[in-house]
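*Asks:* Below are the structure tokens for one structure; questions will follow.
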Amino acid sequence: MSLDAVLWSTKGYGWHDFTSFLRVYDHIASVVVTARDLEEVAYDYLSRSAQLGTTYVEFMLSPPDLMRVGVAFDDQLAALSAARGRALESHGIDCRMIATAVRHLGPEAAIQAATIAAGRRDDILVGFGLTGDERMFAASDFKEAFRIARSEGLRATAHAGEHLGPDTIIEAIEALGLERVGHGIRAVESESVTRQLASEKVPLELCLTSNLALNLYPSIGEHPIARLAAAGCVMVLGTDDPSFFSTDIATEYKLAVGAGLSALDITAQANAASFREV
């Protein structure tokens with residue numbers, strides 16, 4: 001698969017809003033067509049992350065995507081396991097995988113993804129998630145997919161409260177049995193929601209550069225991370241899609257510290273919220 005040269009050379013690959021980001025994401029991801037491609041992409045990211053001091057990464061991967069081009073899920077897991085082994089030996093960094101469903105593809109596609117993931121457990125596979133456009137379909141539409149995944153011991157996370165309001169966060173937690181919430185930044189708009197998140201210690205997976213790049217907030221000073229921390233919410237930092245947002249985990253930490261958070265506290269919360277099996 002080849003890419004348009006202009007698209008490839010443009011910072012962030014030329015997207016301009018969330019809808020175009022999703023379209024460009026699919027286009028860029030289409031160049032990964034073999035298990036070897038997947039292994040090299042994973043190993044490269046782990047290597048670069050290790051150089052920044054990272055010791056553990058959780059990848060998100062939608063199993064049906066590569067299956068559509070002939071890469072069986074067993075081969076996907078083997079590729080990630082091979083990258084993990086190489087990275088552990090060379091750089092001392094470990095990883096796990098969260099199989100995901102793509103929300104805007106609908107509930108039936110999510111059930112397919114959950115069935116694939118639940119039917120093939122592996123040491124590297126620890127969770128099931130829901131990504132994509134949260135403006136499409138209600139969280140409750142994905143109950144069956146998450147029931148299937150959780151019935152086989154997969155931990156649960158899903159994007160909520162990024163583009164929609166705070167009530168959708170609680171809806172997703174309760175409907176899908178979530179242990180973590182992707183983004184969840186809109187929680188700050190509701191005192192009752194932030195109180196519940198803090199009380200139940202449901203971690204929020206925050207991706208600061210992504211939020212700024214997608215114009216959810218104009219600056220880190222206006223980002224709600226400090227207010228969420230002050231409310232007692234548990235937060236972990238992620239890079240979302242780093243090459244699309246020109247970021248890495250060190251950049252995310254710098255932004256968080258610039259907003260008044262402690263790097264040590266963030267790291268401690270991340271370790272506690274990890275889906276890694278010990």
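To be explicit about the labels: the chains of the structure tokens are called A, B, and onward in the order shown, and within each one the residues are counted from 1, while ligands get numbers from 1 in the order they are shown.
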Would you mind listing, for every residue of region 149-173 of chain A within 6 Å of region 125-139 of chain A, the two atoms forming the shortest contact and the distance between them in Å to one decimal, using only C-alpha atoms, sorted by chain and ascending residue number, as a tab-separated table?
*Replies:*
residue	atom	partner	partner_atom	distance
A:Leu154	CA	A:Gly127	CA	4.4
A:Arg155	CA	A:Gly127	CA	4.2
A:Ala156	CA	A:Phe128	CA	5.2
A:Thr157	CA	A:Gly129	CA	4.7
A:Ala158	CA	A:Leu130	CA	4.4
A:His159	CA	A:Thr131	CA	5.6
A:Ala172	CA	A:Ala139	CA	5.2
*Asks:* Could you go through region 83-238 of chain A and tell me which residues DSSP, when run on the backbone, assigns to alpha helix (DSSP H), listing them as a ChimeraX atom specification?
*Replies:* /A:83-91,107-118,143-151,167-176,191-200,208-213,225-230
*Asks:* With distances taken over only C-alpha atoms, which residue among A:Pro166, A:Leu237, A:Tyr45, A:Ser62 lies nearest Ala273 (chain A)?
*Replies:*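 Of the candidates, the smallest distance to Ala273 (chain A) is held by A:Leu237.
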*Asks:* Of the candidates A:Gly70, A:Gly232, A:Pro63, A:Gly92, which shows the shortest atom-to-atom distance to Ala50 (chain A), using only C-alpha atoms?
*Replies:* A:Gly92
*Asks:* Tell me which of A:Ile173, A:Ala79, A:Val234, A:Phe244 sits closest to Val41 (chain A), counting only C-alpha atoms.
*Replies:*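 The shortest atom-to-atom distance to Val41 (chain A) comes from A:Ala79.
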*Asks:* For each of A:Val102, A:Met67, A:Met97, A:Ile148, take the minimum atom-to-atom distance to Ala118 (chain A), counting only C-alpha atoms, then give the residue where this is smallest.
*Replies:*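 Closest candidate: A:Ile148.
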*Asks:* Could you give me, as a VMD selection string, the residues within 10 Å of His223 (chain A), counting only C-alpha atoms and dropping anything in the same chain fewer than 3 positions from it?
*Replies:* chain A and resid 185 188 208 211 to 212 216 to 220 226 to 228 256 259
*Asks:* Go ahead and save the residues from that selection, with C-alpha atoms, as a PDB file, in the first residue's frame.
*Replies:*
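File again.pdb, as written:
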ATOM      1  CA  ILE A 185     -12.012  15.133  30.490  1.00  0.00           C
ATOM      2  CA  VAL A 188     -14.922  18.418  35.087  1.00  0.00           C
ATOM      3  CA  LEU A 208      -3.115  16.206  26.765  1.00  0.00           C
ATOM      4  CA  ASN A 211      -6.929  17.303  23.498  1.00  0.00           C
ATOM      5  CA  LEU A 212      -5.119  20.492  22.521  1.00  0.00           C
ATOM      6  CA  LEU A 216     -10.991  20.741  22.829  1.00  0.00           C
ATOM      7  CA  TYR A 217      -9.087  23.319  24.887  1.00  0.00           C
ATOM      8  CA  PRO A 218      -7.078  26.286  23.590  1.00  0.00           C
ATOM      9  CA  SER A 219      -4.114  25.865  25.962  1.00  0.00           C
ATOM     10  CA  ILE A 220      -2.772  23.647  28.730  1.00  0.00           C
ATOM     11  CA  ALA A 226      -5.464  20.398  37.310  1.00  0.00           C
ATOM     12  CA  ARG A 227      -9.116  20.700  38.311  1.00  0.00           C
ATOM     13  CA  LEU A 228      -9.618  16.946  37.921  1.00  0.00           C
ATOM     14  CA  ALA A 256       1.127  17.807  33.140  1.00  0.00           C
ATOM     15  CA  ALA A 259      -0.193  22.396  34.752  1.00  0.00           C
TER      16      ALA A 259
END
*Asks:* Provide the CA of Thr239 (chain A) to CA of Ser210 (chain A) distance in Å, to one decimal place.
*Replies:* 7.5 Å
